[in-house]
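Here is the file upload.cif (mmCIF, C-alpha atoms).
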data_coords
loop_
_atom_site.label_atom_id
_atom_site.label_comp_id
_atom_site.auth_asym_id
_atom_site.auth_seq_id
_atom_site.Cartn_x
_atom_site.Cartn_y
_atom_site.Cartn_z
CA MET Z 1 18.24 30.66 -6.97
CA THR Z 2 21.14 31.61 -9.28
CA THR Z 3 20.17 32.54 -12.84
CA PRO Z 4 21.88 30.18 -15.29
CA LYS Z 5 24.40 31.79 -17.61
CA ILE Z 6 24.92 30.76 -21.24
CA LEU Z 7 27.89 31.68 -23.43
CA ILE Z 8 27.24 32.03 -27.17
CA ILE Z 9 30.38 31.74 -29.31
CA ASP Z 10 29.51 32.86 -32.83
CA ASP Z 11 31.13 35.39 -35.17
CA ASN Z 12 27.71 36.62 -36.36
CA PRO Z 13 26.35 39.35 -34.01
CA ASP Z 14 22.83 38.78 -35.32
CA ILE Z 15 22.94 35.12 -34.25
CA GLY Z 16 24.06 36.14 -30.81
CA GLN Z 17 21.36 38.80 -30.54
CA ALA Z 18 18.61 36.37 -31.56
CA LEU Z 19 19.75 33.78 -29.04
CA ARG Z 20 20.14 36.34 -26.26
CA VAL Z 21 16.59 37.58 -26.80
CA LEU Z 22 15.34 33.99 -26.71
CA PHE Z 23 17.16 33.29 -23.45
CA THR Z 24 16.09 36.58 -21.85
CA ILE Z 25 12.45 35.77 -22.59
CA ASN Z 26 13.00 32.43 -20.84
CA GLY Z 27 14.66 33.97 -17.76
CA MET Z 28 18.23 33.07 -18.60
CA ALA Z 29 21.34 35.23 -18.72
CA SER Z 30 23.65 35.07 -21.73
CA GLU Z 31 26.56 36.78 -23.40
CA GLN Z 32 28.31 36.47 -26.76
CA ALA Z 33 31.88 35.97 -27.86
CA LEU Z 34 32.64 36.71 -31.51
CA SER Z 35 35.69 34.44 -31.83
CA PRO Z 36 37.06 31.25 -30.30
CA ALA Z 37 39.79 33.19 -28.50
CA GLN Z 38 37.27 35.59 -26.98
CA GLY Z 39 35.06 32.66 -26.01
CA LEU Z 40 37.91 30.92 -24.20
CA GLU Z 41 38.71 34.14 -22.34
CA LYS Z 42 35.13 34.50 -21.16
CA LEU Z 43 35.10 30.87 -20.05
CA ALA Z 44 38.24 31.47 -18.03
CA ASP Z 45 36.82 34.65 -16.43
CA GLY Z 46 33.17 33.82 -15.80
CA ASP Z 47 30.89 31.20 -14.26
CA ILE Z 48 29.33 29.67 -17.37
CA ASP Z 49 26.67 26.95 -17.13
CA LEU Z 50 26.33 26.08 -20.83
CA VAL Z 51 28.02 26.91 -24.15
CA ILE Z 52 26.46 27.27 -27.60
CA GLN Z 53 29.20 27.40 -30.19
CA ASP Z 54 29.37 27.84 -33.94
CA MET Z 55 31.46 25.48 -36.05
CA ASN Z 56 32.91 27.96 -38.56
CA PHE Z 57 34.35 31.40 -37.83
CA SER Z 58 36.50 32.46 -40.79
CA ALA Z 59 34.91 33.81 -43.98
CA ASP Z 60 34.04 31.21 -46.61
CA THR Z 61 34.92 28.37 -44.25
CA THR Z 62 32.57 25.40 -44.01
CA SER Z 63 34.83 22.52 -42.91
CA GLY Z 64 33.95 22.83 -39.24
CA GLN Z 65 37.59 22.37 -38.21
CA GLU Z 66 37.60 25.64 -36.26
CA GLY Z 67 34.60 24.48 -34.29
CA ILE Z 68 36.11 21.04 -33.68
CA SER Z 69 39.27 22.65 -32.33
CA LEU Z 70 37.27 25.03 -30.12
CA PHE Z 71 35.11 22.20 -28.81
CA HIS Z 72 38.15 20.18 -27.70
CA GLN Z 73 39.75 23.22 -26.07
CA ILE Z 74 36.60 23.88 -24.07
CA ARG Z 75 36.30 20.23 -23.16
CA GLU Z 76 39.89 20.23 -21.92
CA MET Z 77 39.24 23.30 -19.75
CA HIS Z 78 35.82 22.18 -18.51
CA PRO Z 79 35.24 18.41 -18.91
CA ASP Z 80 31.66 18.53 -17.61
CA LEU Z 81 30.43 21.75 -19.23
CA PRO Z 82 27.50 21.06 -21.61
CA ILE Z 83 28.21 22.23 -25.17
CA ILE Z 84 25.63 22.61 -27.94
CA LEU Z 85 27.07 22.84 -31.46
CA ILE Z 86 25.22 24.97 -34.01
CA THR Z 87 26.02 25.58 -37.69
CA ALA Z 88 24.52 26.21 -41.09
CA TRP Z 89 26.78 23.53 -42.53
CA THR Z 90 25.64 20.37 -40.79
CA ALA Z 91 27.94 17.40 -41.44
CA LEU Z 92 26.51 14.20 -39.99
CA GLU Z 93 29.90 12.53 -39.70
CA THR Z 94 31.31 15.45 -37.74
CA ALA Z 95 28.20 15.55 -35.54
CA VAL Z 96 28.49 11.88 -34.66
CA GLU Z 97 32.17 12.21 -33.76
CA LEU Z 98 31.62 15.25 -31.55
CA VAL Z 99 28.60 13.72 -29.84
CA LYS Z 100 30.79 10.70 -29.06
CA ALA Z 101 33.36 13.12 -27.67
CA GLY Z 102 30.77 14.62 -25.34
CA ALA Z 103 28.81 17.27 -27.25
CA ALA Z 104 25.31 17.64 -25.82
CA ASP Z 105 23.59 18.32 -29.15
CA TYR Z 106 24.27 19.36 -32.75
CA LEU Z 107 21.77 21.76 -34.32
CA GLY Z 108 21.48 23.25 -37.77
CA LYS Z 109 20.71 26.87 -38.63
CA PRO Z 110 18.01 28.06 -38.65
CA TRP Z 111 17.11 26.34 -35.40
CA ASP Z 112 13.76 25.61 -33.84
CA ASP Z 113 13.37 27.79 -30.73
CA ASP Z 114 11.19 25.25 -28.91
CA LYS Z 115 13.59 22.37 -29.54
CA LEU Z 116 16.57 24.46 -28.55
CA MET Z 117 14.94 25.53 -25.28
CA VAL Z 118 13.98 21.95 -24.45
CA THR Z 119 17.62 20.93 -24.83
CA VAL Z 120 18.93 23.94 -22.91
CA ARG Z 121 16.53 23.46 -19.99
CA ASN Z 122 17.27 19.76 -19.74
CA LEU Z 123 21.00 20.34 -19.81
CA LEU Z 124 20.84 23.09 -17.18
CA LYS Z 125 18.64 20.97 -14.90
CA LEU Z 126 20.94 18.00 -15.36
CA GLY Z 127 23.99 20.17 -14.74
CA ALA Z 128 22.55 21.46 -11.46
CA LEU Z 129 21.70 17.92 -10.40
CA GLN Z 130 25.14 16.65 -11.32
CA ARG Z 131 26.84 19.45 -9.41
CA ALA Z 132 24.83 18.57 -6.31
CA GLN Z 133 25.63 14.89 -6.83
CA ARG Z 134 29.34 15.66 -7.28
CA GLU Z 135 29.36 17.64 -4.06
CA GLN Z 136 27.66 14.81 -2.19
CA ARG Z 137 29.86 12.23 -3.90
CA GLY Z 138 32.96 14.22 -3.03
CA TYR Z 139 31.90 14.33 0.61
CA SER Z 140 31.13 10.60 0.59
CA GLN Z 141 34.42 9.77 -1.13
CA SER Z 142 36.27 11.85 1.43
CA LYS Z 143 34.66 9.90 4.26
CA ARG Z 144 35.41 6.64 2.47
CA ARG Z 145 39.07 7.54 1.95
CA GLN Z 146 39.35 8.46 5.60
CA LEU Z 147 37.90 5.07 6.57
CA GLU Z 148 40.24 3.25 4.15
CA ASN Z 149 43.26 5.14 5.49
CA GLU Z 150 42.37 4.39 9.09
CA PHE Z 151 41.35 0.74 8.76
CA ASP Z 152 42.00 -2.36 6.65
CA LEU Z 153 38.85 -2.88 4.57
CA CYS Z 154 40.25 -5.97 2.86
CA GLY Z 155 39.67 -4.59 -0.65
CA LEU Z 156 35.90 -4.22 -0.19
CA GLN Z 157 34.27 -2.31 -3.07
CA PHE Z 158 31.44 0.02 -2.03
CA GLN Z 159 29.88 3.42 -2.68
CA SER Z 160 26.61 3.31 -0.76
CA GLN Z 161 25.93 5.21 2.43
CA SER Z 162 24.47 2.09 4.05
CA MET Z 163 27.74 0.19 3.56
CA TYR Z 164 29.74 3.13 4.87
CA ASP Z 165 27.56 3.19 7.98
CA LEU Z 166 27.96 -0.57 8.45
CA LEU Z 167 31.73 -0.42 8.00
CA ARG Z 168 31.99 2.47 10.42
CA ILE Z 169 30.38 0.28 13.10
CA THR Z 170 32.33 -2.80 11.99
CA THR Z 171 35.70 -1.10 12.36
CA GLN Z 172 34.62 0.55 15.60
CA VAL Z 173 33.81 -2.77 17.32
CA ALA Z 174 36.50 -4.87 15.66
CA HIS Z 175 39.11 -4.15 18.32
CA ALA Z 176 36.80 -5.08 21.20
CA ASP Z 177 37.10 -8.65 22.41
CA VAL Z 178 33.41 -9.49 22.02
CA SER Z 179 31.45 -11.93 19.89
CA VAL Z 180 29.99 -10.57 16.66
CA LEU Z 181 26.97 -11.89 14.76
CA ILE Z 182 26.73 -10.93 11.08
CA THR Z 183 23.25 -11.23 9.61
CA GLY Z 184 22.14 -10.87 6.02
CA PRO Z 185 20.95 -12.81 2.95
CA ASN Z 186 22.96 -15.46 1.16
CA GLY Z 187 25.69 -14.10 -1.08
CA ALA Z 188 25.62 -10.57 0.38
CA GLY Z 189 29.22 -10.68 1.60
CA LYS Z 190 29.01 -11.74 5.26
CA GLU Z 191 32.37 -13.50 5.05
CA LYS Z 192 34.02 -10.30 3.78
CA ILE Z 193 32.64 -8.41 6.78
CA ALA Z 194 34.04 -11.13 9.04
CA GLU Z 195 37.45 -10.68 7.38
CA ILE Z 196 37.30 -6.94 8.07
CA VAL Z 197 36.46 -7.55 11.74
CA GLN Z 198 39.40 -9.94 12.04
CA ALA Z 199 41.81 -7.69 10.11
CA ASN Z 200 41.18 -4.79 12.50
CA SER Z 201 41.02 -6.79 15.72
CA SER Z 202 43.58 -7.11 18.51
CA CYS Z 203 44.16 -10.69 17.33
CA LYS Z 204 44.66 -9.80 13.65
CA HIS Z 205 48.06 -11.51 13.58
CA GLY Z 206 46.58 -14.73 14.92
CA PRO Z 207 44.95 -17.49 12.87
CA PHE Z 208 41.64 -16.86 11.09
CA ILE Z 209 39.77 -20.16 10.85
CA LYS Z 210 36.53 -20.46 8.88
CA VAL Z 211 33.99 -23.25 9.12
CA ASN Z 212 30.50 -23.65 7.69
CA VAL Z 213 28.89 -25.29 10.70
CA GLY Z 214 25.57 -25.68 8.95
CA ALA Z 215 27.17 -27.95 6.35
CA LEU Z 216 28.65 -30.35 8.94
CA PRO Z 217 26.94 -33.74 9.42
CA LYS Z 218 25.49 -34.07 12.94
CA ASP Z 219 27.89 -36.87 13.88
CA LEU Z 220 30.95 -34.84 12.80
CA VAL Z 221 30.16 -31.47 14.39
CA GLU Z 222 31.92 -32.25 17.66
CA ALA Z 223 35.00 -33.71 15.95
CA GLU Z 224 35.23 -30.83 13.51
CA LEU Z 225 34.98 -28.15 16.18
CA PHE Z 226 36.79 -29.78 19.10
CA GLY Z 227 38.95 -32.49 17.54
CA ALA Z 228 39.28 -36.21 18.23
CA GLU Z 229 41.91 -38.60 19.52
CA ALA Z 230 43.18 -41.48 17.39
CA GLY Z 231 40.76 -44.39 17.54
CA ALA Z 232 37.96 -42.31 18.99
CA TYR Z 233 35.66 -43.57 16.25
CA THR Z 234 35.86 -45.76 13.18
CA GLY Z 235 38.16 -44.45 10.45
CA ILE Z 236 40.30 -42.11 12.56
CA SER Z 237 43.84 -43.45 12.91
CA LYS Z 238 45.55 -40.31 14.17
CA ARG Z 239 44.65 -37.32 16.30
CA ARG Z 240 42.39 -34.79 14.63
CA THR Z 241 42.86 -31.16 15.61
CA GLY Z 242 39.59 -29.24 15.98
CA ARG Z 243 38.81 -25.78 14.68
CA PHE Z 244 38.78 -24.20 18.14
CA GLU Z 245 42.26 -25.50 18.82
CA LEU Z 246 43.48 -24.27 15.42
CA ALA Z 247 42.02 -20.82 16.08
CA ASP Z 248 43.66 -20.38 19.50
CA GLY Z 249 44.97 -16.83 19.76
CA GLY Z 250 42.97 -15.72 16.76
CA THR Z 251 39.48 -15.72 15.27
CA LEU Z 252 36.99 -18.47 14.51
CA PHE Z 253 34.33 -17.67 11.91
CA LEU Z 254 31.24 -19.87 12.27
CA ASP Z 255 29.21 -19.43 9.10
CA GLU Z 256 25.54 -20.47 8.75
CA ILE Z 257 25.26 -20.79 12.53
CA GLY Z 258 21.46 -20.91 12.25
CA ASN Z 259 21.67 -24.39 10.71
CA LEU Z 260 23.61 -25.92 13.62
CA SER Z 261 21.79 -28.79 15.33
CA LEU Z 262 20.55 -28.43 18.92
CA ASP Z 263 23.13 -30.98 20.06
CA GLY Z 264 25.87 -28.99 18.33
CA GLN Z 265 24.52 -25.79 19.88
CA ALA Z 266 24.81 -27.28 23.38
CA LYS Z 267 28.43 -28.28 22.82
CA LEU Z 268 29.26 -24.89 21.32
CA LEU Z 269 27.66 -23.04 24.24
CA ARG Z 270 29.92 -24.77 26.76
CA VAL Z 271 33.14 -23.76 25.08
CA LEU Z 272 31.90 -20.20 24.61
CA GLU Z 273 31.12 -19.96 28.32
CA THR Z 274 34.31 -21.53 29.65
CA GLY Z 275 36.81 -21.56 26.81
CA GLU Z 276 37.35 -25.24 27.69
CA PHE Z 277 36.66 -28.49 25.84
CA GLU Z 278 37.94 -32.03 25.39
CA ARG Z 279 38.71 -33.83 22.17
CA ILE Z 280 36.45 -36.78 21.41
CA GLY Z 281 37.97 -39.81 23.09
CA GLY Z 282 40.33 -37.68 25.15
CA SER Z 283 40.46 -36.86 28.85
CA ASP Z 284 42.61 -33.74 28.76
CA THR Z 285 40.74 -30.46 29.10
CA LEU Z 286 42.01 -27.88 26.62
CA LYS Z 287 41.61 -24.15 27.14
CA VAL Z 288 41.71 -21.68 24.26
CA LYS Z 289 41.32 -17.95 23.73
CA VAL Z 290 39.33 -17.42 20.54
CA ARG Z 291 37.42 -14.44 19.12
CA ILE Z 292 34.08 -15.71 17.79
CA ILE Z 293 32.45 -14.25 14.68
CA SER Z 294 29.31 -16.00 13.47
CA ALA Z 295 27.03 -15.40 10.52
CA THR Z 296 23.56 -16.43 9.44
CA ASN Z 297 20.90 -15.75 6.86
CA SER Z 298 18.24 -17.15 9.21
CA ASP Z 299 15.92 -15.26 11.52
CA LEU Z 300 17.37 -16.52 14.80
CA LYS Z 301 14.69 -14.84 16.93
CA ALA Z 302 12.04 -16.74 14.98
CA ALA Z 303 14.12 -19.92 15.39
CA ILE Z 304 14.26 -19.33 19.16
CA ALA Z 305 10.48 -18.95 19.24
CA ALA Z 306 10.15 -22.17 17.22
CA GLY Z 307 12.48 -24.02 19.61
CA SER Z 308 15.16 -24.74 16.99
CA PHE Z 309 17.81 -22.35 18.34
CA ARG Z 310 18.95 -21.85 21.91
CA GLU Z 311 18.26 -18.42 23.35
CA ASP Z 312 21.28 -18.58 25.67
CA LEU Z 313 23.57 -19.35 22.73
CA TYR Z 314 22.03 -16.51 20.73
CA TYR Z 315 22.97 -13.96 23.37
CA ARG Z 316 26.48 -15.42 23.63
CA LEU Z 317 26.98 -15.00 19.91
CA ASN Z 318 25.14 -11.70 19.49
CA VAL Z 319 27.02 -9.25 21.68
CA ILE Z 320 27.28 -7.06 18.58
CA GLU Z 321 25.07 -7.60 15.50
CA LEU Z 322 26.19 -6.34 12.10
CA ALA Z 323 23.20 -6.38 9.72
CA LEU Z 324 24.40 -6.56 6.10
CA PRO Z 325 21.84 -5.24 3.57
CA ALA Z 326 20.97 -7.12 0.39
CA LEU Z 327 22.63 -5.81 -2.75
CA ASN Z 328 19.35 -4.41 -4.10
CA GLN Z 329 19.11 -2.26 -0.96
CA ARG Z 330 22.49 -0.62 -1.70
CA ARG Z 331 22.34 -0.10 -5.43
CA ALA Z 332 25.20 2.39 -5.43
CA ASP Z 333 27.50 -0.60 -4.83
CA ILE Z 334 26.38 -2.56 -7.91
CA LEU Z 335 28.48 -0.87 -10.60
CA PRO Z 336 31.67 -0.52 -8.50
CA LEU Z 337 31.45 -4.24 -7.74
CA ALA Z 338 30.67 -5.12 -11.37
CA ARG Z 339 33.68 -3.14 -12.61
CA TYR Z 340 35.87 -4.73 -9.95
CA PHE Z 341 34.84 -8.23 -11.03
CA LEU Z 342 35.47 -7.35 -14.70
CA GLY Z 343 38.96 -6.00 -14.10
CA ASP Z 344 40.75 -3.10 -15.74
CA LYS Z 345 40.75 -4.43 -19.32
CA LEU Z 346 36.98 -4.62 -19.84
CA GLN Z 347 34.35 -1.89 -19.84
CA LEU Z 348 30.57 -1.83 -19.41
CA ALA Z 349 28.39 -0.40 -22.16
CA PRO Z 350 25.95 2.26 -20.86
CA CYS Z 351 22.97 0.02 -21.55
CA ALA Z 352 24.62 -2.82 -19.63
CA GLU Z 353 25.19 -0.47 -16.69
CA GLN Z 354 21.50 0.47 -16.82
CA VAL Z 355 20.35 -3.15 -16.70
CA LEU Z 356 22.77 -4.06 -13.92
CA GLY Z 357 21.51 -1.15 -11.83
CA GLN Z 358 17.84 -2.09 -12.34
CA TYR Z 359 18.10 -5.84 -11.69
CA GLU Z 360 17.01 -7.06 -8.23
CA TRP Z 361 19.97 -9.46 -7.68
CA PRO Z 362 18.25 -12.21 -5.67
CA GLY Z 363 21.64 -13.93 -5.42
CA ASN Z 364 23.33 -10.73 -4.25
CA ILE Z 365 27.09 -10.24 -4.74
CA ARG Z 366 27.70 -13.91 -5.43
CA GLN Z 367 25.29 -13.75 -8.38
CA LEU Z 368 26.77 -10.48 -9.63
CA LYS Z 369 30.24 -11.99 -9.60
CA ASN Z 370 29.06 -15.00 -11.61
CA VAL Z 371 27.28 -12.76 -14.13
CA MET Z 372 30.39 -10.63 -14.65
CA GLN Z 373 32.60 -13.70 -15.05
CA ARG Z 374 30.23 -14.98 -17.74
CA ALA Z 375 30.15 -11.59 -19.45
CA SER Z 376 33.95 -11.34 -19.48
CA LEU Z 377 34.10 -14.60 -21.43
CA LEU Z 378 31.40 -13.69 -23.96
CA CYS Z 379 32.02 -10.01 -24.64
CA GLN Z 380 33.76 -8.74 -27.77
CA ASP Z 381 35.99 -5.72 -28.29
CA GLN Z 382 36.48 -5.53 -24.50
CA LEU Z 383 33.01 -3.99 -24.13
CA VAL Z 384 30.33 -5.81 -22.09
CA LYS Z 385 26.86 -5.37 -23.60
CA VAL Z 386 23.41 -6.32 -22.32
CA ALA Z 387 23.38 -9.60 -24.24
CA ASP Z 388 26.63 -10.67 -22.57
CA LEU Z 389 25.06 -10.50 -19.12
CA GLY Z 390 22.63 -13.35 -19.64
CA LEU Z 391 20.06 -11.86 -17.26
CA PRO Z 392 16.33 -12.74 -17.52
CA ALA Z 393 14.65 -11.01 -20.44
CA GLU Z 394 12.01 -9.41 -18.24
CA VAL Z 395 14.60 -7.25 -16.48
CA VAL Z 396 15.84 -5.76 -19.74
CA LYS Z 397 13.77 -2.70 -20.57
CA ALA Z 398 12.35 -2.32 -24.07
CA ALA Z 399 14.25 0.92 -24.44
CA VAL Z 400 17.55 -0.82 -23.71
CA LEU Z 401 16.72 -3.64 -26.10
CA SER Z 402 15.99 -1.10 -28.80
CA ALA Z 403 19.29 0.68 -28.21
CA GLU Z 404 21.08 -2.61 -28.74
CA GLY Z 405 19.07 -3.62 -31.80
CA GLY Z 406 16.43 -5.68 -30.02
CA THR Z 407 12.64 -5.74 -30.08
CA PRO Z 408 10.31 -2.85 -31.00
CA VAL Z 409 9.61 -0.43 -28.19
CA PRO Z 410 6.23 0.60 -26.78
CA GLU Z 411 5.25 4.26 -26.49
CA PRO Z 412 7.53 5.68 -23.76
CA SER Z 413 6.01 7.29 -20.68
CA ALA Z 414 7.03 10.66 -19.26
CA GLU Z 415 9.07 8.78 -16.65
CA ASP Z 416 10.80 6.71 -19.36
CA ILE Z 417 11.72 9.88 -21.24
CA SER Z 418 13.02 11.71 -18.18
CA GLN Z 419 15.12 8.71 -17.19
CA ALA Z 420 16.51 8.28 -20.71
CA ILE Z 421 17.56 11.95 -20.85
CA GLU Z 422 19.21 11.73 -17.45
CA GLU Z 423 21.07 8.54 -18.33
CA ALA Z 424 22.16 10.08 -21.65
CA GLY Z 425 23.72 12.98 -19.74
CA GLY Z 426 21.22 15.40 -21.28
CA VAL Z 427 22.25 14.50 -24.83
CA ILE Z 428 18.94 14.50 -26.71
CA ALA Z 429 20.28 12.49 -29.62
CA ASP Z 430 21.48 9.70 -27.31
CA ALA Z 431 18.27 9.74 -25.30
CA ALA Z 432 16.20 9.48 -28.49
CA ARG Z 433 18.32 6.58 -29.72
CA SER Z 434 17.92 4.70 -26.42
CA LEU Z 435 14.15 5.12 -26.66
CA GLY Z 436 14.03 3.98 -30.27
CA LEU Z 437 12.83 7.41 -31.46
CA SER Z 438 14.09 10.03 -33.84
CA ARG Z 439 15.23 13.28 -32.27
CA SER Z 440 12.22 15.17 -33.62
CA ALA Z 441 9.88 12.46 -32.28
CA LEU Z 442 11.44 12.83 -28.86
CA TYR Z 443 10.98 16.61 -28.99
CA ARG Z 444 7.28 16.11 -29.78
CA ARG Z 445 6.86 13.87 -26.76
CA LEU Z 446 8.72 16.32 -24.55
CA LYS Z 447 6.20 18.99 -25.50
CA LYS Z 448 3.32 16.53 -25.11
CA PHE Z 449 4.34 15.68 -21.54
CA GLU Z 450 5.35 19.31 -20.81
CA LEU Z 451 8.81 18.12 -19.84
CA ASP Z 452 10.38 21.28 -21.27
CA ASN Z 453 9.15 23.43 -18.35
#

Take the structure in the file and give it back as structure tokens.
Amino acid sequence: MTTPKILIIDDNPDIGQALRVLFTINGMASEQALSPAQGLEKLADGDIDLVIQDMNFSADTTSGQEGISLFHQIREMHPDLPIILITAWTALETAVELVKAGAADYLGKPWDDDKLMVTVRNLLKLGALQRAQREQRGYSQSKRRQLENEFDLCGLQFQSQSMYDLLRITTQVAHADVSVLITGPNGAGKEKIAEIVQANSSCKHGPFIKVNVGALPKDLVEAELFGAEAGAYTGISKRRTGRFELADGGTLFLDEIGNLSLDGQAKLLRVLETGEFERIGGSDTLKVKVRIISATNSDLKAAIAAGSFREDLYYRLNVIELALPALNQRRADILPLARYFLGDKLQLAPCAEQVLGQYEWPGNIRQLKNVMQRASLLCQDQLVKVADLGLPAEVVKAAVLSAEGGTPVPEPSAEDISQAIEEAGGVIADAARSLGLSRSALYRRLKKFELDN
């Protein structure tokens, strides 16, 4: 394992010596730069994991402007490098601004060794985790870009590995002239998967006809699917063209196929087997070439066992099954979808992102879209907060409520603290605020739970 390396930028050699001894005792490598220029040189030359920088370098200077300038130069060179600010002249206003700009912590001299080491260890652990995540994310993004470049994904927003795997299969079978059955819960995006199959099929330039067969009244199923001649039944004065005829040369998407009546199933099976049908009231046999994609949220095997779905029809429809996971089983997709539904002009507050990621989404993508539409109407200053989401109170953690000025928080657990630090990017001040604690109170709990090891 590589020993982490810390750069100390301080014009006082004694400060550097004290910190280097502290880090050596704790198994960490460090070196000192005595000026901002020297510090920037060392950053350019070496592999630095964390920076501790002073705020004032010239004699009799206490404004902190030199430190502010140095901080922004480092941040420009290394956007993700954790930076701890340290000074004898602590200005709260300056601290708040720099923490907002990405500083990990802001400590006064003399510092508390235990508190400093807690912060350093957390930042180094988080940095290692983030590097690993970036590497994995970079690999995943590369695969996603390759998929997007090779196929038409119809604007689908996703980040999860499970969706990548599903789309890989979807695009692989799309060109084959076989029936596809898409299974998954309501609102999970089955119609979008159907669109992707059609968009990458050999009949992509043909018509794409959609029909919710489960919503059709029993006496209209045949007319809706196969059409009817004028006068075939009361109220029809001219020929009605059926969905199969409209889809000739293209794709017919039969949604909620599990709700189709047994009589409708029998009629559907015939046309799937022969490609032939007659309009109601007509004698001419029509022949069509149609790619069938069907979808259901029902357990069709259980329906077959119960006698409510034909086994022969099931195997006609299910040459290839594409099983779409529920949104709560692919949580990496939640925030990309939420941001997509919000558009470019609105942003999610960190606490809102936390709640969105934790919620179970029983209504899947359809529910998420509705929630984001509501939030876009209620939010102020183009920032969506927890209250704008309108989600059930039980899904909003006490820590998040506290961060947004809500109810008092209970004593946080070790897991709560670890999660808060991770979500705050290792910034102790932000983690403490999200937990409803002072920074010193958070340090005490870190020691209590031995989270500084």

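Closest approach to Arg291 in chain Z from the set Z:Ile6, Z:Val221, Z:Val180, Z:Val371 is made by Z:Val180, with distances taken over only C-alpha atoms.
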
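Our summary of the geometry notes that CA of Asp45 in chain Z is positioned 23.2 Å from CA of Ile86 in chain Z.
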
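A straight line drawn from CA of Met117 in chain Z to CA of Ala104 in chain Z is 13.0 Å long.
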
Exercise. Could you state the separation of CA of Ala29 in chain Z and CA of Ala101 in chain Z in Å, given to one decimal place?
Worked result: 26.7 Å

For this session: Excluding Gly390 in chain Z and residues on its chain fewer than 5 positions from it, collect all residues at most 10 Å away from it, counting all atoms listed in the file, and give them as a PyMOL selection string.
Result: chain Z and resi 371-372+374-375+378+385

For this session: Find the residues near Ala431 in chain Z: any atom within 7 Å, counting only C-alpha atoms, skip ones fewer than 6 places away on the same chain, and give them as a list of chain:residue names.
Result: Z:Ala420, Z:Ile421, Z:Ala424

Suppose we keep C-alpha atoms; can you now write the selection as an mmCIF file, in the coordinates of the input?
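To be explicit, this is the file written out as result30.cif:
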data_model
loop_
_atom_site.group_PDB
_atom_site.id
_atom_site.type_symbol
_atom_site.label_atom_id
_atom_site.label_comp_id
_atom_site.auth_asym_id
_atom_site.auth_seq_id
_atom_site.Cartn_x
_atom_site.Cartn_y
_atom_site.Cartn_z
ATOM 1 C CA ALA Z 420 16.510 8.280 -20.710
ATOM 2 C CA ILE Z 421 17.560 11.950 -20.850
ATOM 3 C CA ALA Z 424 22.160 10.080 -21.650
#
